[in-house]
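Q: Input: one structure, supplied below.
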There are 2 protein chains.
Amino acid sequence: METETATRWLTDTEQCAWRTHLEVNRLLTHQLEKDLQPFGLTMNDYEILVNLSESEGDRMRMSDLATATMQSKSRLSHQVTRMENADLVRRENCESDRRGLYAVLTEHGLETMRKVAPHHVASVRRHFMDLLAPETLTELDKALKPIAEHLRGQRGRP
Amino acid sequence: METETATRWLTDTEQCAWRTHLEVNRLLTHQLEKDLQPFGLTMNDYEILVNLSESEGDRMRMSDLATATMQSKSRLSHQVTRMENADLVRRENCESDRRGLYAVLTEHGLETMRKVAPHHVASVRRHFMDLLAPETLTELDKALKPIAEHLRGQRGRP
DNA sequence: CGTCGCTAGTTCACCTTTCAACATTTTAGG
DNA sequence: CCTAAAATGTTGAAAGGTGAACTAGCGACG
């Protein structure tokens, strides 16, 4: 019985593509973060603002927000506390479930969102979107969708 | 004179692709990290081991290592201290430049590398590589290379 | 040669993330 | 009902990351 299989190392092509992928992700994240910095926001902050502003009543349950942004409850809790101190967000009790809390966009949070979004979009265009041919973009999406699917399936497994 | 230009928001297709891209990166990183965890390594650790093991004499100058892994000197210094405590790496003085230090792979670091690499490669295959058709992979690489190029150019600009 | 500026690397204080422990409320089952 | 298990969210300590200040050595130019 064979328990060990010979390792299938990456071919040169694969290795090259893989490293490019890693590099782009890192540099891109770094750059977007930097472009957001003048507004005093991190990508984390921004993502939360986006999620809230796209939700009914500019609010989401902490749990759902944690799931949507793929953060631990703990991390989100700290994060929201910080954003609360910056008056971007406030917590509000949930009527129907007394354990629950909503994170709610404040007026200032909404304004911030409106002010920052165009810059962020421009940043995404400048450093990513506009460097891809449109059909390449759809190719990319088609290639990545199944991977996203697969990875979502792996979440929280042994 | 026109100072403000109307924001070019992302089209639905673009938005969808962008979000997929973000999601894949996050989930993938998370998964690879998790697969490395049983060995007591982070991706950061692993990347440093790879860099060292691919270098002449299993050693690199701190500065070069920082550049290669795109970390600040400060972060790398902490990182190497941790890895030194785990006996994966040791610091060694540089003869030719007395300011300089080498990070050197230890025997145990090398063994660790050999033990872990096959698992990591398998992980990359399982969660990414093997989910892409070979020609899609080269497409992906071709699309991403110019972006990497562009982003490298942006590094350390105002 | 001296000194002024540059590079290498560490350290310090501060911020963010993680992990485990906890309090509270809901839900499911006998 | 009443209790056990599960879900919601917070907290606090420890680990990891950041940016600026600092030490020390190099190097070039008067």
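To be explicit about the labels: the chains of the structure tokens are called A, B, and onward in the order shown, and within each one the residues are counted from 1, while ligands get numbers from 1 in the order they are shown.
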If you run DSSP on this backbone, which residues of segment 16-130 of chain A come out as strand (DSSP E), and could you give them as a PyMOL selection string?
A: chain A and resi 59-61+89-93+101-105
Q: Residues of the last selection are to be written out with N, CA and C atoms, as a PDB file, in the first residue's frame.
A:
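Generated file (part33.pdb):
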ATOM      1  N   ARG A  59     -27.152  49.500   8.022  1.00  0.00           N
ATOM      2  CA  ARG A  59     -26.818  48.767   9.241  1.00  0.00           C
ATOM      3  C   ARG A  59     -26.684  47.279   8.977  1.00  0.00           C
ATOM      4  N   MET A  60     -25.856  46.642   9.776  1.00  0.00           N
ATOM      5  CA  MET A  60     -25.725  45.190   9.703  1.00  0.00           C
ATOM      6  C   MET A  60     -25.478  44.637  11.092  1.00  0.00           C
ATOM      7  N   ARG A  61     -25.932  43.424  11.281  1.00  0.00           N
ATOM      8  CA  ARG A  61     -25.620  42.728  12.524  1.00  0.00           C
ATOM      9  C   ARG A  61     -24.126  42.451  12.574  1.00  0.00           C
ATOM     10  N   VAL A  89     -19.241  55.094  12.680  1.00  0.00           N
ATOM     11  CA  VAL A  89     -20.167  54.004  12.905  1.00  0.00           C
ATOM     12  C   VAL A  89     -20.640  54.084  14.347  1.00  0.00           C
ATOM     13  N   ARG A  90     -21.861  53.603  14.592  1.00  0.00           N
ATOM     14  CA  ARG A  90     -22.239  53.443  15.994  1.00  0.00           C
ATOM     15  C   ARG A  90     -22.916  52.109  16.193  1.00  0.00           C
ATOM     16  N   ARG A  91     -22.949  51.647  17.435  1.00  0.00           N
ATOM     17  CA  ARG A  91     -23.620  50.377  17.723  1.00  0.00           C
ATOM     18  C   ARG A  91     -25.043  50.666  18.157  1.00  0.00           C
ATOM     19  N   GLU A  92     -25.938  49.776  17.775  1.00  0.00           N
ATOM     20  CA  GLU A  92     -27.325  49.952  18.171  1.00  0.00           C
ATOM     21  C   GLU A  92     -27.906  48.590  18.537  1.00  0.00           C
ATOM     22  N   ASN A  93     -28.723  48.592  19.582  1.00  0.00           N
ATOM     23  CA  ASN A  93     -29.274  47.317  20.023  1.00  0.00           C
ATOM     24  C   ASN A  93     -30.284  46.746  19.026  1.00  0.00           C
ATOM     25  N   LEU A 101     -26.378  43.047  18.158  1.00  0.00           N
ATOM     26  CA  LEU A 101     -26.093  44.456  17.964  1.00  0.00           C
ATOM     27  C   LEU A 101     -26.030  44.743  16.477  1.00  0.00           C
ATOM     28  N   TYR A 102     -26.430  45.969  16.128  1.00  0.00           N
ATOM     29  CA  TYR A 102     -26.185  46.446  14.779  1.00  0.00           C
ATOM     30  C   TYR A 102     -24.987  47.373  14.781  1.00  0.00           C
ATOM     31  N   ALA A 103     -24.212  47.291  13.728  1.00  0.00           N
ATOM     32  CA  ALA A 103     -23.284  48.381  13.431  1.00  0.00           C
ATOM     33  C   ALA A 103     -24.008  49.269  12.449  1.00  0.00           C
ATOM     34  N   VAL A 104     -24.096  50.550  12.750  1.00  0.00           N
ATOM     35  CA  VAL A 104     -24.842  51.482  11.923  1.00  0.00           C
ATOM     36  C   VAL A 104     -23.939  52.605  11.443  1.00  0.00           C
ATOM     37  N   LEU A 105     -24.052  52.906  10.168  1.00  0.00           N
ATOM     38  CA  LEU A 105     -23.298  54.013   9.584  1.00  0.00           C
ATOM     39  C   LEU A 105     -23.777  55.329  10.190  1.00  0.00           C
TER      40      LEU A 105
END
Q: Compile a residue-level contact table for chain A against chain B at a cut-off of 9 Å, reporting for every qualifying residue the shortest atom pair and its distance in Å to one decimal, with only C-alpha atoms counted, rows ordered by chain and ascending number, as a Markdown table.
A:
| residue | atom | partner | partner_atom | distance |
| --- | --- | --- | --- | --- |
| A:Ala6 | CA | B:Pro118 | CA | 8.9 |
| A:Thr7 | CA | B:Pro118 | CA | 5.8 |
| A:Arg8 | CA | B:Ala122 | CA | 7.5 |
| A:Trp9 | CA | B:Val121 | CA | 6.6 |
| A:Leu10 | CA | B:Val121 | CA | 7.3 |
| A:Thr13 | CA | B:Thr138 | CA | 7.5 |
| A:Glu14 | CA | B:Leu137 | CA | 7.5 |
| A:Cys16 | CA | B:Asp141 | CA | 7.8 |
| A:Ala17 | CA | B:Asp141 | CA | 5.0 |
| A:Trp18 | CA | B:Asp141 | CA | 8.1 |
| A:Thr20 | CA | B:Lys145 | CA | 6.6 |
| A:His21 | CA | B:Leu144 | CA | 7.0 |
| A:Leu22 | CA | B:Asn25 | CA | 8.7 |
| A:Glu23 | CA | B:Ala148 | CA | 6.8 |
| A:Val24 | CA | B:Ala148 | CA | 5.2 |
| A:Asn25 | CA | B:Asn25 | CA | 7.1 |
| A:Arg26 | CA | B:Met70 | CA | 8.4 |
| A:Leu27 | CA | B:Leu151 | CA | 6.2 |
| A:Leu28 | CA | B:Leu151 | CA | 6.9 |
| A:Gln31 | CA | B:Leu151 | CA | 7.6 |
| A:Met70 | CA | B:Arg26 | CA | 8.4 |
| A:Pro118 | CA | B:Thr7 | CA | 5.9 |
| A:His119 | CA | B:Thr7 | CA | 8.4 |
| A:Val121 | CA | B:Trp9 | CA | 6.6 |
| A:Ala122 | CA | B:Arg8 | CA | 7.5 |
| A:Val124 | CA | B:Trp18 | CA | 8.7 |
| A:Arg125 | CA | B:Leu10 | CA | 8.4 |
| A:His127 | CA | B:Leu151 | CA | 7.0 |
| A:Phe128 | CA | B:Ile147 | CA | 6.5 |
| A:Met129 | CA | B:Glu14 | CA | 7.6 |
| A:Leu131 | CA | B:Ile147 | CA | 6.5 |
| A:Leu132 | CA | B:Ala143 | CA | 6.6 |
| A:Ala133 | CA | B:Ala143 | CA | 8.4 |
| A:Pro134 | CA | B:Glu14 | CA | 8.6 |
| A:Thr136 | CA | B:Ala143 | CA | 7.1 |
| A:Leu137 | CA | B:Ala17 | CA | 6.9 |
| A:Thr138 | CA | B:Ala17 | CA | 7.1 |
| A:Glu139 | CA | B:Thr136 | CA | 8.2 |
| A:Leu140 | CA | B:Leu140 | CA | 6.8 |
| A:Asp141 | CA | B:Ala17 | CA | 5.0 |
| A:Lys142 | CA | B:Ala17 | CA | 8.5 |
| A:Ala143 | CA | B:Leu132 | CA | 6.6 |
| A:Leu144 | CA | B:Thr20 | CA | 6.8 |
| A:Lys145 | CA | B:Thr20 | CA | 6.6 |
| A:Pro146 | CA | B:Leu131 | CA | 7.5 |
| A:Ile147 | CA | B:Leu131 | CA | 6.5 |
| A:Ala148 | CA | B:Val24 | CA | 5.2 |
| A:Glu149 | CA | B:Val24 | CA | 8.9 |
| A:His150 | CA | B:His127 | CA | 7.4 |
| A:Leu151 | CA | B:Leu27 | CA | 6.2 |
| A:Arg152 | CA | B:Leu27 | CA | 7.4 |
| A:Gln154 | CA | B:Gln31 | CA | 8.0 |
| A:Arg155 | CA | B:Gln31 | CA | 8.0 |
Q: Only N, CA and C atoms, please: the residues just picked out, written as a short mmCIF file (atom, residue, chain, number, x, y, z; two decimals), in the first residue's frame.
A:
data_model
loop_
_atom_site.label_atom_id
_atom_site.label_comp_id
_atom_site.auth_asym_id
_atom_site.auth_seq_id
_atom_site.Cartn_x
_atom_site.Cartn_y
_atom_site.Cartn_z
N ALA A 6 5.08 10.70 -4.67
CA ALA A 6 6.14 11.64 -5.01
C ALA A 6 5.55 13.04 -5.17
N THR A 7 6.24 14.02 -4.64
CA THR A 7 5.74 15.39 -4.71
C THR A 7 5.69 15.89 -6.15
N ARG A 8 4.57 16.43 -6.51
CA ARG A 8 4.48 17.07 -7.83
C ARG A 8 4.91 18.52 -7.68
N TRP A 9 6.18 18.78 -7.85
CA TRP A 9 6.68 20.14 -7.72
C TRP A 9 6.05 21.02 -8.79
N LEU A 10 6.13 22.31 -8.60
CA LEU A 10 5.60 23.21 -9.62
C LEU A 10 6.57 23.28 -10.80
N THR A 13 6.86 27.25 -15.31
CA THR A 13 5.73 28.11 -15.69
C THR A 13 4.81 28.34 -14.50
N GLU A 14 4.49 27.24 -13.83
CA GLU A 14 3.60 27.35 -12.69
C GLU A 14 4.21 28.21 -11.59
N CYS A 16 6.44 30.47 -11.80
CA CYS A 16 6.49 31.86 -12.22
C CYS A 16 5.13 32.53 -12.05
N ALA A 17 4.10 31.86 -12.52
CA ALA A 17 2.75 32.42 -12.42
C ALA A 17 2.36 32.59 -10.95
N TRP A 18 2.69 31.61 -10.17
CA TRP A 18 2.34 31.66 -8.75
C TRP A 18 3.01 32.84 -8.06
N THR A 20 4.15 35.54 -9.43
CA THR A 20 3.56 36.78 -9.92
C THR A 20 2.27 37.08 -9.18
N HIS A 21 1.46 36.05 -9.07
CA HIS A 21 0.19 36.21 -8.38
C HIS A 21 0.39 36.73 -6.97
N LEU A 22 1.29 36.11 -6.24
CA LEU A 22 1.57 36.55 -4.87
C LEU A 22 2.06 37.99 -4.84
N GLU A 23 2.95 38.28 -5.77
CA GLU A 23 3.54 39.61 -5.78
C GLU A 23 2.49 40.68 -6.06
N VAL A 24 1.68 40.43 -7.07
CA VAL A 24 0.65 41.41 -7.41
C VAL A 24 -0.27 41.67 -6.23
N ASN A 25 -0.66 40.58 -5.58
CA ASN A 25 -1.55 40.77 -4.44
C ASN A 25 -0.94 41.63 -3.38
N ARG A 26 0.30 41.34 -3.09
CA ARG A 26 0.92 42.09 -2.04
C ARG A 26 1.10 43.55 -2.40
N LEU A 27 1.65 43.78 -3.58
CA LEU A 27 1.89 45.15 -4.00
C LEU A 27 0.59 45.93 -4.15
N LEU A 28 -0.39 45.27 -4.70
CA LEU A 28 -1.67 45.93 -4.93
C LEU A 28 -2.32 46.35 -3.62
N GLN A 31 -0.52 49.24 -2.23
CA GLN A 31 -0.77 50.49 -2.95
C GLN A 31 -2.14 51.06 -2.62
N MET A 70 -15.22 38.52 6.31
CA MET A 70 -14.33 37.41 6.63
C MET A 70 -13.37 37.73 7.76
N PRO A 118 -14.84 57.84 -4.72
CA PRO A 118 -14.30 58.13 -6.04
C PRO A 118 -12.79 57.95 -6.12
N HIS A 119 -12.12 58.37 -5.06
CA HIS A 119 -10.67 58.23 -5.05
C HIS A 119 -10.25 56.76 -5.03
N VAL A 121 -12.00 54.19 -6.10
CA VAL A 121 -12.28 53.59 -7.41
C VAL A 121 -11.20 53.98 -8.41
N ALA A 122 -10.81 55.23 -8.38
CA ALA A 122 -9.77 55.68 -9.29
C ALA A 122 -8.49 54.89 -9.04
N VAL A 124 -8.24 51.85 -7.80
CA VAL A 124 -8.42 50.49 -8.32
C VAL A 124 -8.24 50.48 -9.84
N ARG A 125 -8.79 51.49 -10.49
CA ARG A 125 -8.62 51.58 -11.95
C ARG A 125 -7.16 51.75 -12.32
N HIS A 127 -4.39 51.16 -10.80
CA HIS A 127 -3.39 50.15 -10.48
C HIS A 127 -3.79 48.73 -10.88
N PHE A 128 -5.01 48.59 -11.41
CA PHE A 128 -5.44 47.23 -11.74
C PHE A 128 -6.33 47.20 -12.97
N MET A 129 -7.52 47.69 -12.78
CA MET A 129 -8.55 47.54 -13.80
C MET A 129 -8.12 48.04 -15.17
N LEU A 131 -5.37 48.34 -16.42
CA LEU A 131 -4.20 47.66 -16.98
C LEU A 131 -4.57 46.30 -17.58
N LEU A 132 -5.88 45.99 -17.53
CA LEU A 132 -6.35 44.73 -18.10
C LEU A 132 -7.27 45.00 -19.28
N ALA A 133 -7.08 44.26 -20.35
CA ALA A 133 -8.03 44.34 -21.46
C ALA A 133 -9.37 43.80 -20.96
N PRO A 134 -10.47 44.38 -21.42
CA PRO A 134 -11.79 43.98 -20.94
C PRO A 134 -12.03 42.48 -21.03
N THR A 136 -9.81 40.19 -21.06
CA THR A 136 -8.93 39.53 -20.09
C THR A 136 -9.58 39.54 -18.72
N LEU A 137 -10.25 40.64 -18.44
CA LEU A 137 -10.91 40.76 -17.14
C LEU A 137 -11.98 39.69 -16.94
N THR A 138 -12.78 39.48 -17.98
CA THR A 138 -13.82 38.45 -17.85
C THR A 138 -13.19 37.06 -17.78
N GLU A 139 -12.11 36.88 -18.53
CA GLU A 139 -11.35 35.63 -18.44
C GLU A 139 -10.92 35.37 -17.00
N LEU A 140 -10.31 36.41 -16.45
CA LEU A 140 -9.81 36.35 -15.09
C LEU A 140 -10.92 35.95 -14.14
N ASP A 141 -12.03 36.62 -14.27
CA ASP A 141 -13.15 36.35 -13.39
C ASP A 141 -13.62 34.91 -13.55
N LYS A 142 -13.72 34.47 -14.80
CA LYS A 142 -14.18 33.11 -15.05
C LYS A 142 -13.23 32.09 -14.44
N ALA A 143 -11.93 32.40 -14.50
CA ALA A 143 -10.95 31.48 -13.95
C ALA A 143 -10.99 31.45 -12.42
N LEU A 144 -11.24 32.62 -11.85
CA LEU A 144 -11.16 32.74 -10.39
C LEU A 144 -12.42 32.30 -9.66
N LYS A 145 -13.56 32.43 -10.33
CA LYS A 145 -14.83 32.10 -9.68
C LYS A 145 -14.84 30.70 -9.08
N PRO A 146 -14.44 29.68 -9.84
CA PRO A 146 -14.45 28.33 -9.27
C PRO A 146 -13.51 28.19 -8.08
N ILE A 147 -12.44 28.94 -8.11
CA ILE A 147 -11.49 28.88 -7.00
C ILE A 147 -12.14 29.47 -5.76
N ALA A 148 -12.80 30.59 -5.96
CA ALA A 148 -13.52 31.20 -4.83
C ALA A 148 -14.52 30.20 -4.26
N GLU A 149 -15.25 29.60 -5.17
CA GLU A 149 -16.22 28.56 -4.81
C GLU A 149 -15.57 27.48 -3.94
N HIS A 150 -14.51 26.92 -4.49
CA HIS A 150 -13.79 25.86 -3.79
C HIS A 150 -13.35 26.30 -2.40
N LEU A 151 -12.80 27.50 -2.34
CA LEU A 151 -12.24 27.96 -1.06
C LEU A 151 -13.34 28.24 -0.05
N ARG A 152 -14.46 28.76 -0.54
CA ARG A 152 -15.58 28.97 0.36
C ARG A 152 -16.00 27.63 0.98
N GLN A 154 -14.10 25.20 1.66
CA GLN A 154 -13.10 24.73 2.63
C GLN A 154 -13.24 25.39 3.99
N ARG A 155 -13.87 26.55 4.01
CA ARG A 155 -13.94 27.35 5.24
C ARG A 155 -14.44 26.52 6.42
#
Q: Taking only residues of chain D that have an atom at most 10 Å from an atom of chain A, what is each one's shortest atom pair and its distance in Å to one decimal, using only C-alpha atoms (C1' of nucleotides), in chain and number order, as CSV?
A:
residue,atom,partner,partner_atom,distance
D:DA7,C1',A:Arg99,CA,8.8
D:DT8,C1',A:Arg99,CA,5.2
D:DG9,C1',A:Arg99,CA,7.1
D:DT10,C1',A:Ser77,CA,7.4
D:DT11,C1',A:Ser74,CA,9.1
Q: Please produce, as a tab-separated table, a per-residue contact table for chain C versus chain B (criterion: any atom at most 10 Å away, only C-alpha atoms (C1' of nucleotides) considered), showing the nearest atom pair and its distance in Å to one decimal, sorted by chain then residue number.
A:
residue	atom	partner	partner_atom	distance
C:DT7	C1'	B:Arg99	CA	8.7
C:DA8	C1'	B:Arg99	CA	5.4
C:DG9	C1'	B:Gly100	CA	7.3
C:DT10	C1'	B:Ser77	CA	7.3
C:DT11	C1'	B:Ser74	CA	9.0
Q: Could you pull out the helix (DSSP H, G or I) residues of chain B from DSSP and send them as a PyMOL selection string?
A: chain B and resi 12-39+43-53+56-58+62-68+73-85+107-127+129-131+134-154
Q: Compare A:Arg82, A:Glu4, A:His120, A:Cys94 by their minimum atom-to-atom distance to DC15 of chain C, counting only C-alpha atoms (C1' of nucleotides), and give me the closest one.
A: A:Arg82
Q: After a least-squares superposition of chain B onto chain A, with every Cα atom paired in order, give the RMSD to one decimal place.
A: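 In short, the RMSD is 0.1 Å.
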Q: Skipping near chain neighbours, those fewer than 4 positions away, what residues fall within 12 Å of DA13 of chain D using only C-alpha atoms (C1' of nucleotides), listed as a count of residues only?
A: 4
Q: Please identify all polymer residues within 12 Å of DC1 of chain D, counting only C-alpha atoms (C1' of nucleotides), omitting same-chain residues fewer than 2 positions from it, and present them as a PyMOL selection string.
A: (chain C and resi 29-30) or (chain D and resi 3)
